[in-house]
Amino acid sequence: MAGTRLDPIDRKILAELQADGRMTNVELAKRVGISAPPCLRRVRTLEEAGYIRGYHAKVDPRELGFEVQVFAMVGLQSQAEADLSAFEARCRAWPLVRECHMLNGEVDFILKCVAPDLSTFQSFLTEQLTEQLTAADNVASVKTSLVIRCAKDEPGVPFDVLEARLNRSA
């Protein structure tokens, strides 16, 4: 299990930074119970190892004028690796697509999209330009669901579940 490569202090550092990535190194060191210099070394090691992929501000899309959030379920005509990779690259280039996940099952991908209004999303969805979703190469079907409201939007992973699992297996 990947989490076992980290010691309890590393996992605590990750949990604290996940909850508040803006805290100072001194505050982080105090929360995890070590001094500041080794704490900073550990954070840099966690960054270099890829456990920490970045630091972000969590912005409110609606406050910024992005009133529409849609999940689009996309089926492709071909699931050859080259075609999957080409679709993923296209998704990375579309600004309205904020997340792209390849799935196992009835659909090949689910996309989380945001737009300022329905007409902007509809243009992205249906205009017959190759840089739009339904007209893109290899796209066979698209089903969309408009988000009415969000009941939970929790970033990261549940460290308490990881700790409980590690304690059971110890």
# chains A, B, ... in the order shown; residues from 1 in each chain; ligands from 1
>>> select_by_dssp(residues="region 10-73 of chain A", states="alpha helix (DSSP H)", output="VMD selection string")
chain A and resid 10 to 19 25 to 32 36 to 48
>>> residues_around(residues="Lys58 (chain A)", least_positions_apart="4", cutoff="12 Å", atoms="only C-alpha atoms", output="list in words")
Gln18, Ala19, Asp20, Gly21, Arg22, Glu63, Leu64, Asp153, Glu154 and Pro155 of chain A
>>> residues_around(residues="Gly54 (chain A)", least_positions_apart="2", cutoff="12 Å", atoms="only C-alpha atoms", output="ChimeraX atom specification")
/A:14,17-18,21-22,43-44,46-48,50-52,56-57,156
>>> write_last_selection(atoms="all heavy atoms", output="compact mmCIF listing (two decimals), in the first residue's frame")
# COMPACT_ATOMS: atom_id res chain seq x y z
N LEU A 14 1.07 16.00 5.47
CA LEU A 14 0.17 16.03 4.31
C LEU A 14 -1.25 16.39 4.72
O LEU A 14 -1.92 17.18 4.04
CB LEU A 14 0.20 14.68 3.59
CG LEU A 14 1.50 14.35 2.87
CD1 LEU A 14 1.47 12.93 2.35
CD2 LEU A 14 1.77 15.34 1.75
N LEU A 17 -1.36 20.18 5.57
CA LEU A 17 -1.26 21.02 4.38
C LEU A 17 -2.50 20.89 3.50
O LEU A 17 -2.91 21.86 2.86
CB LEU A 17 -0.01 20.67 3.57
CG LEU A 17 1.30 21.16 4.17
CD1 LEU A 17 2.48 20.64 3.35
CD2 LEU A 17 1.33 22.68 4.28
N GLN A 18 -3.09 19.71 3.47
CA GLN A 18 -4.32 19.52 2.71
C GLN A 18 -5.43 20.39 3.29
O GLN A 18 -6.22 20.98 2.56
CB GLN A 18 -4.72 18.05 2.73
CG GLN A 18 -6.00 17.75 1.97
CD GLN A 18 -6.29 16.28 1.97
OE1 GLN A 18 -5.82 15.56 1.11
NE2 GLN A 18 -7.07 15.82 2.94
N GLY A 21 -3.14 24.88 3.10
CA GLY A 21 -1.86 24.96 2.39
C GLY A 21 -1.16 26.29 2.53
O GLY A 21 -0.04 26.45 2.06
N ARG A 22 -1.79 27.26 3.20
CA ARG A 22 -1.19 28.59 3.35
C ARG A 22 -0.45 28.76 4.67
O ARG A 22 0.17 29.80 4.89
CB ARG A 22 -2.27 29.66 3.25
CG ARG A 22 -2.83 29.79 1.85
CD ARG A 22 -3.71 30.98 1.75
NE ARG A 22 -2.92 32.18 2.03
CZ ARG A 22 -3.35 33.40 1.91
NH1 ARG A 22 -4.57 33.61 1.50
NH2 ARG A 22 -2.59 34.43 2.18
N VAL A 43 8.75 18.55 3.86
CA VAL A 43 7.81 19.09 2.88
C VAL A 43 8.45 19.09 1.49
O VAL A 43 7.83 18.67 0.51
CB VAL A 43 7.35 20.52 3.27
CG1 VAL A 43 6.59 21.19 2.13
CG2 VAL A 43 6.48 20.46 4.53
N ARG A 44 9.70 19.53 1.41
CA ARG A 44 10.37 19.54 0.10
C ARG A 44 10.53 18.13 -0.46
O ARG A 44 10.37 17.90 -1.66
CB ARG A 44 11.73 20.24 0.22
CG ARG A 44 11.54 21.74 0.39
CD ARG A 44 12.84 22.49 0.26
NE ARG A 44 12.58 23.92 0.32
CZ ARG A 44 13.34 24.78 0.94
NH1 ARG A 44 14.43 24.36 1.57
NH2 ARG A 44 13.04 26.06 0.95
N LEU A 46 8.51 15.59 0.19
CA LEU A 46 7.16 15.18 -0.22
C LEU A 46 6.79 15.82 -1.56
O LEU A 46 6.15 15.17 -2.40
CB LEU A 46 6.14 15.54 0.85
CG LEU A 46 6.23 14.73 2.15
CD1 LEU A 46 5.42 15.37 3.26
CD2 LEU A 46 5.80 13.29 1.92
N GLU A 47 7.20 17.05 -1.78
CA GLU A 47 6.95 17.71 -3.07
C GLU A 47 7.73 17.01 -4.18
O GLU A 47 7.17 16.68 -5.23
CB GLU A 47 7.35 19.19 -3.00
CG GLU A 47 6.45 20.03 -2.14
CD GLU A 47 7.00 21.42 -1.86
OE1 GLU A 47 8.20 21.68 -2.09
OE2 GLU A 47 6.19 22.26 -1.40
N GLU A 48 9.02 16.77 -3.93
CA GLU A 48 9.86 16.13 -4.96
C GLU A 48 9.41 14.72 -5.28
O GLU A 48 9.52 14.28 -6.43
CB GLU A 48 11.32 16.13 -4.50
CG GLU A 48 11.95 17.51 -4.48
CD GLU A 48 13.26 17.55 -3.71
OE1 GLU A 48 13.77 16.50 -3.28
OE2 GLU A 48 13.79 18.68 -3.55
N GLY A 50 6.39 13.75 -5.31
CA GLY A 50 5.09 13.78 -5.98
C GLY A 50 3.88 13.61 -5.08
O GLY A 50 2.76 13.57 -5.57
N TYR A 51 4.09 13.52 -3.77
CA TYR A 51 2.94 13.44 -2.86
C TYR A 51 2.20 14.77 -2.81
O TYR A 51 0.98 14.80 -2.66
CB TYR A 51 3.39 13.06 -1.45
CG TYR A 51 3.83 11.63 -1.34
CD1 TYR A 51 5.18 11.30 -1.34
CD2 TYR A 51 2.91 10.60 -1.22
CE1 TYR A 51 5.61 9.98 -1.24
CE2 TYR A 51 3.31 9.28 -1.12
CZ TYR A 51 4.66 8.98 -1.13
OH TYR A 51 5.07 7.68 -1.04
N ILE A 52 2.93 15.86 -2.93
CA ILE A 52 2.32 17.19 -2.99
C ILE A 52 2.50 17.67 -4.43
O ILE A 52 3.62 17.86 -4.90
CB ILE A 52 3.01 18.17 -2.02
CG1 ILE A 52 2.84 17.69 -0.58
CG2 ILE A 52 2.44 19.58 -2.20
CD1 ILE A 52 3.64 18.49 0.45
N HIS A 56 -3.19 25.43 -4.11
CA HIS A 56 -4.21 26.17 -4.85
C HIS A 56 -5.12 26.94 -3.92
O HIS A 56 -5.35 26.53 -2.79
CB HIS A 56 -5.11 25.21 -5.66
CG HIS A 56 -4.37 24.18 -6.40
ND1 HIS A 56 -4.53 22.83 -6.20
CD2 HIS A 56 -3.41 24.26 -7.35
CE1 HIS A 56 -3.74 22.15 -6.99
NE2 HIS A 56 -3.04 22.99 -7.69
N ALA A 57 -5.67 28.00 -4.45
CA ALA A 57 -6.76 28.70 -3.77
C ALA A 57 -8.06 28.06 -4.26
O ALA A 57 -8.22 27.82 -5.46
CB ALA A 57 -6.75 30.18 -4.11
N GLY A 156 -8.75 16.41 -1.83
CA GLY A 156 -7.76 15.53 -1.20
C GLY A 156 -8.31 14.17 -0.83
O GLY A 156 -9.25 13.66 -1.44
>>> atom_distance(atom1="CA of Ile110 (chain A)", atom2="CA of Asp160 (chain A)")
28.0 Å
>>> closest_atom_pairs(of="region 70-126 of chain A", to="region 142-146 of chain A", cutoff="6 Å", atoms="only C-alpha atoms", output="Markdown table")
| residue | atom | partner | partner_atom | distance |
| --- | --- | --- | --- | --- |
| A:Val70 | CA | A:Leu146 | CA | 4.5 |
| A:Phe71 | CA | A:Ser145 | CA | 5.3 |
| A:Ala72 | CA | A:Thr144 | CA | 4.3 |
| A:Met73 | CA | A:Lys143 | CA | 5.1 |
| A:Val74 | CA | A:Val142 | CA | 4.6 |
>>> write_last_selection(atoms="C-alpha atoms", output="mmCIF file, in the first residue's frame")
data_model
loop_
_atom_site.group_PDB
_atom_site.id
_atom_site.type_symbol
_atom_site.label_atom_id
_atom_site.label_comp_id
_atom_site.auth_asym_id
_atom_site.auth_seq_id
_atom_site.Cartn_x
_atom_site.Cartn_y
_atom_site.Cartn_z
ATOM 1 C CA VAL A 70 -22.212 20.233 -16.037
ATOM 2 C CA PHE A 71 -21.011 16.653 -16.014
ATOM 3 C CA ALA A 72 -20.623 15.278 -19.531
ATOM 4 C CA MET A 73 -20.432 11.526 -20.074
ATOM 5 C CA VAL A 74 -18.545 10.855 -23.299
#
>>> atom_distance(atom1="CA of Val107 (chain A)", atom2="CA of Leu133 (chain A)")
14.7 Å
>>> atom_distance(atom1="CA of Leu162 (chain A)", atom2="CA of Glu16 (chain A)")
14.2 Å
>>> residues_around(residues="Pro116 (chain A)", least_positions_apart="6", cutoff="6 Å", atoms="only C-alpha atoms", output="mmCIF file with C-alpha atoms, in the first residue's frame")
data_model
loop_
_atom_site.group_PDB
_atom_site.id
_atom_site.type_symbol
_atom_site.label_atom_id
_atom_site.label_comp_id
_atom_site.auth_asym_id
_atom_site.auth_seq_id
_atom_site.Cartn_x
_atom_site.Cartn_y
_atom_site.Cartn_z
ATOM 1 C CA GLY A 65 -19.710 34.403 -12.779
ATOM 2 C CA PHE A 66 -19.533 30.718 -13.700
ATOM 3 C CA GLU A 67 -23.182 29.888 -13.037
ATOM 4 C CA VAL A 68 -23.294 26.585 -14.916
#
>>> residues_around(residues="Gln79 (chain A)", least_positions_apart="5", cutoff="12 Å", atoms="only C-alpha atoms", output="number ranges by chain")
A: 74, 84-88, 102-104, 107-109, 138-140
>>> write_last_selection(atoms="C-alpha atoms", output="short mmCIF file (atom, residue, chain, number, x, y, z; two decimals), in the first residue's frame")
data_model
loop_
_atom_site.label_atom_id
_atom_site.label_comp_id
_atom_site.auth_asym_id
_atom_site.auth_seq_id
_atom_site.Cartn_x
_atom_site.Cartn_y
_atom_site.Cartn_z
CA VAL A 74 -18.54 10.85 -23.30
CA LEU A 84 -7.77 7.73 -25.72
CA SER A 85 -4.61 9.81 -25.41
CA ALA A 86 -5.72 12.14 -28.21
CA PHE A 87 -9.07 12.74 -26.48
CA GLU A 88 -7.34 13.38 -23.14
CA MET A 102 -11.45 7.89 -17.94
CA LEU A 103 -13.98 5.36 -16.68
CA ASN A 104 -14.67 1.65 -16.88
CA VAL A 107 -19.07 5.63 -20.82
CA ASP A 108 -15.42 6.20 -21.58
CA PHE A 109 -14.93 9.60 -19.92
CA ASN A 138 -13.68 9.95 -32.21
CA VAL A 139 -16.62 11.20 -30.07
CA ALA A 140 -19.57 8.85 -30.55
#
>>> closest_residue(among="A:Ile148, A:Glu81, A:Ala49, A:Gln69", to="Gln122 (chain A)", atoms="only C-alpha atoms")
A:Gln69
>>> select_by_dssp(residues="chain A", states="strand (DSSP E or B)", output="PyMOL selection string")
chain A and resi 68-76+97-102+109-115+139-146
>>> residues_around(residues="region 30-41 of chain A", least_positions_apart="2", cutoff="8 Å", atoms="only C-alpha atoms", output="list in words")
Ile9, Lys12, Ile13, Glu16, Asn25, Val26, Glu27, Leu28, Val43, Arg44 and Thr45 of chain A
